[in-house]
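Novice: My structure is in entry_18.cif, and what it holds is mmCIF, C-alpha atoms:
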```cif
data_my_file
loop_
_atom_site.group_PDB
_atom_site.id
_atom_site.type_symbol
_atom_site.label_atom_id
_atom_site.label_comp_id
_atom_site.auth_asym_id
_atom_site.auth_seq_id
_atom_site.Cartn_x
_atom_site.Cartn_y
_atom_site.Cartn_z
ATOM 1 C CA MET A 39 135.255 152.620 120.959
ATOM 2 C CA ALA A 40 132.474 150.986 122.933
ATOM 3 C CA ALA A 41 129.964 152.431 120.462
ATOM 4 C CA ALA A 42 131.405 150.138 117.785
ATOM 5 C CA ASP A 43 128.893 147.496 118.846
ATOM 6 C CA HIS A 44 126.078 149.861 117.830
ATOM 7 C CA CYS A 45 127.459 151.444 114.627
ATOM 8 C CA PRO A 46 130.552 149.533 113.453
ATOM 9 C CA ASP A 47 130.809 151.230 110.036
ATOM 10 C CA VAL A 48 130.610 154.712 111.509
ATOM 11 C CA GLN A 49 133.099 153.789 114.232
ATOM 12 C CA LEU A 50 135.601 152.453 111.702
ATOM 13 C CA SER A 51 135.364 155.580 109.556
ATOM 14 C CA GLN A 52 135.785 157.887 112.545
ATOM 15 C CA THR A 53 138.700 155.875 113.924
ATOM 16 C CA ARG A 54 140.498 156.058 110.581
ATOM 17 C CA HIS A 55 140.030 159.845 110.607
ATOM 18 C CA ARG A 56 141.370 160.112 114.158
ATOM 19 C CA ALA A 57 144.369 157.927 113.285
ATOM 20 C CA ALA A 58 145.196 160.178 110.337
ATOM 21 C CA LEU A 59 145.098 163.220 112.627
ATOM 22 C CA VAL A 60 147.352 161.589 115.197
ATOM 23 C CA ASP A 61 149.814 160.471 112.505
ATOM 24 C CA GLY A 62 150.280 164.137 111.588
ATOM 25 C CA TRP A 63 151.108 165.092 115.171
ATOM 26 C CA ASN A 64 154.328 163.043 115.241
ATOM 27 C CA ILE A 65 153.803 161.710 118.755
ATOM 28 C CA GLU A 66 156.924 159.858 119.830
ATOM 29 C CA PRO A 67 156.583 156.383 121.338
ATOM 30 C CA GLY A 68 157.007 156.645 125.106
ATOM 31 C CA SER A 69 155.387 160.093 125.250
ATOM 32 C CA THR A 70 152.849 161.234 127.795
ATOM 33 C CA VAL A 71 149.792 162.910 126.269
ATOM 34 C CA LEU A 72 147.107 164.886 128.081
ATOM 35 C CA GLU A 73 143.687 164.673 126.448
ATOM 36 C CA LEU A 74 141.125 167.160 127.749
ATOM 37 C CA GLY A 75 137.482 166.462 126.979
ATOM 38 C CA CYS A 76 138.048 162.807 126.120
ATOM 39 C CA GLY A 77 134.359 161.893 126.022
ATOM 40 C CA GLN A 78 133.871 158.199 125.401
ATOM 41 C CA GLY A 79 137.536 157.656 124.641
ATOM 42 C CA ASP A 80 137.610 157.199 120.885
ATOM 43 C CA MET A 81 140.601 159.506 120.439
ATOM 44 C CA THR A 82 142.034 158.200 123.708
ATOM 45 C CA ALA A 83 142.404 154.737 122.190
ATOM 46 C CA VAL A 84 144.101 156.119 119.084
ATOM 47 C CA LEU A 85 146.467 158.181 121.239
ATOM 48 C CA ALA A 86 147.241 155.140 123.408
ATOM 49 C CA GLU A 87 148.255 153.237 120.309
ATOM 50 C CA ALA A 88 150.482 156.153 119.229
ATOM 51 C CA VAL A 89 152.352 156.449 122.546
ATOM 52 C CA GLY A 90 153.134 152.745 122.557
ATOM 53 C CA PRO A 91 153.569 150.375 125.475
ATOM 54 C CA ARG A 92 155.922 152.714 127.356
ATOM 55 C CA GLY A 93 153.763 155.790 126.854
ATOM 56 C CA ARG A 94 150.818 157.164 128.780
ATOM 57 C CA VAL A 95 147.591 158.975 127.948
ATOM 58 C CA VAL A 96 145.978 160.989 130.710
ATOM 59 C CA ALA A 97 142.368 161.438 129.579
ATOM 60 C CA VAL A 98 140.005 163.774 131.440
ATOM 61 C CA ASP A 99 136.357 164.668 130.959
ATOM 62 C CA VAL A 100 134.128 166.836 133.163
ATOM 63 C CA ALA A 101 130.968 164.820 132.493
ATOM 64 C CA GLU A 102 129.628 162.286 134.965
ATOM 65 C CA PRO A 103 130.358 158.602 134.228
ATOM 66 C CA SER A 104 126.620 158.111 133.637
ATOM 67 C CA TYR A 105 126.603 160.613 130.750
ATOM 68 C CA GLY A 106 126.266 159.433 127.152
ATOM 69 C CA ALA A 107 124.231 157.171 124.932
ATOM 70 C CA PRO A 108 124.063 154.524 123.653
ATOM 71 C CA VAL A 109 127.175 153.941 125.792
ATOM 72 C CA THR A 110 128.014 155.994 128.889
ATOM 73 C CA LEU A 111 131.398 157.508 129.632
ATOM 74 C CA GLY A 112 131.781 155.099 132.537
ATOM 75 C CA GLU A 113 131.053 152.070 130.368
ATOM 76 C CA SER A 114 133.529 153.275 127.769
ATOM 77 C CA ALA A 115 136.215 153.929 130.385
ATOM 78 C CA ALA A 116 135.743 150.449 131.846
ATOM 79 C CA ARG A 117 135.973 148.849 128.413
ATOM 80 C CA LEU A 118 139.167 150.745 127.581
ATOM 81 C CA ALA A 119 140.711 149.920 130.962
ATOM 82 C CA ALA A 120 139.974 146.217 130.500
ATOM 83 C CA GLY A 121 141.381 146.074 126.967
ATOM 84 C CA PRO A 122 144.945 145.779 125.693
ATOM 85 C CA LEU A 123 145.464 149.569 125.729
ATOM 86 C CA GLY A 124 144.255 149.905 129.334
ATOM 87 C CA PRO A 125 147.708 150.024 130.979
ATOM 88 C CA ARG A 126 148.614 153.025 128.804
ATOM 89 C CA ILE A 127 145.544 155.065 129.823
#
```
Before we go any further, please render this structure as structure tokens.
Specialist:
Amino acid sequence: MAAADHCPDVQLSQTRHRAALVDGWNIEPGSTVLELGCGQGDMTAVLAEAVGPRGRVVAVDVAEPSYGAPVTLGESAARLAAGPLGPRI
């Protein structure tokens, strides 16, 4: 989601696609979801919305926080943690 500052149109299109995928998975509010290979957290944010305020997303990636461009994994994680979905992740 942090890449939205760099390519907002692409980010919006990709987020819509991810939301459509998640809608088909029938994730119940309050669920706990494990996301392996979360990268910069784009799907993580969509999953956090799906689980709702009582749910939890455990997102894991093997890459170092300094990995990624134009936004690193660490920068993305910090942005997600500071945002309204942060308590769910």
Novice: So for range 67-76 of chain A, what box centre and size do we get, axis-aligned, 8 Å extra on each of the six sides, every listed atom, Å to one decimal, as JSON?
Specialist:
```
{"center_x": 147.2, "center_y": 161.8, "center_z": 124.7, "size_x": 35.5, "size_y": 26.8, "size_z": 22.7}
```
Novice: When the PyMOL selection byres ((chain A and resi 111) around 12) is applied to the file above, which residues end up in the set, as a PyMOL selection string?
Specialist: chain A and resi 39-41+75-80+97-110+112-118
Novice: Hey, can you check how far CA of Ser51 in chain A sits from CA of Ser69 in chain A?
Specialist: 25.8 Å
Novice: Considering only C-alpha atoms, can you say which of A:Glu73, A:Ala57, A:Pro125, A:Asp47 comes closest to Pro91 in chain A?
Specialist: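 Of all the options, A:Pro125 lies closest to Pro91 in chain A.
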Novice: Would you mind listing what lies within 9 Å of range 119-124 of chain A as a list in words, with only C-alpha atoms counted and same-chain residues fewer than 6 positions away left out?
Specialist: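 Here the answer would be Ala83, Ala86, Glu87, Gly90 and Pro91 of chain A.
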Novice: When you draw a straight line from CA of Val48 in chain A to CA of Arg94 in chain A, how long is it in Å?
Specialist: 26.7 Å
Novice: Closest to His55 in chain A among A:Gly68, A:Val84, A:Leu74, A:Val96, using all atoms listed in the file?
Specialist: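 That would be A:Val84, the residue with the smallest distance to His55 in chain A.
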Novice: My list of candidates is A:Pro46, A:Leu72, A:Leu59, A:Glu66. Which is closest to Ala88 in chain A when distances are computed with all atoms listed in the file?
Specialist: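 Looking at the shortest contact to Ala88 in chain A, the residue is A:Glu66.
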Novice: Please report the interatomic distance between CA of Val95 in chain A and CA of Ala58 in chain A in Å with one decimal.
Specialist: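 A separation of 17.8 Å between them.
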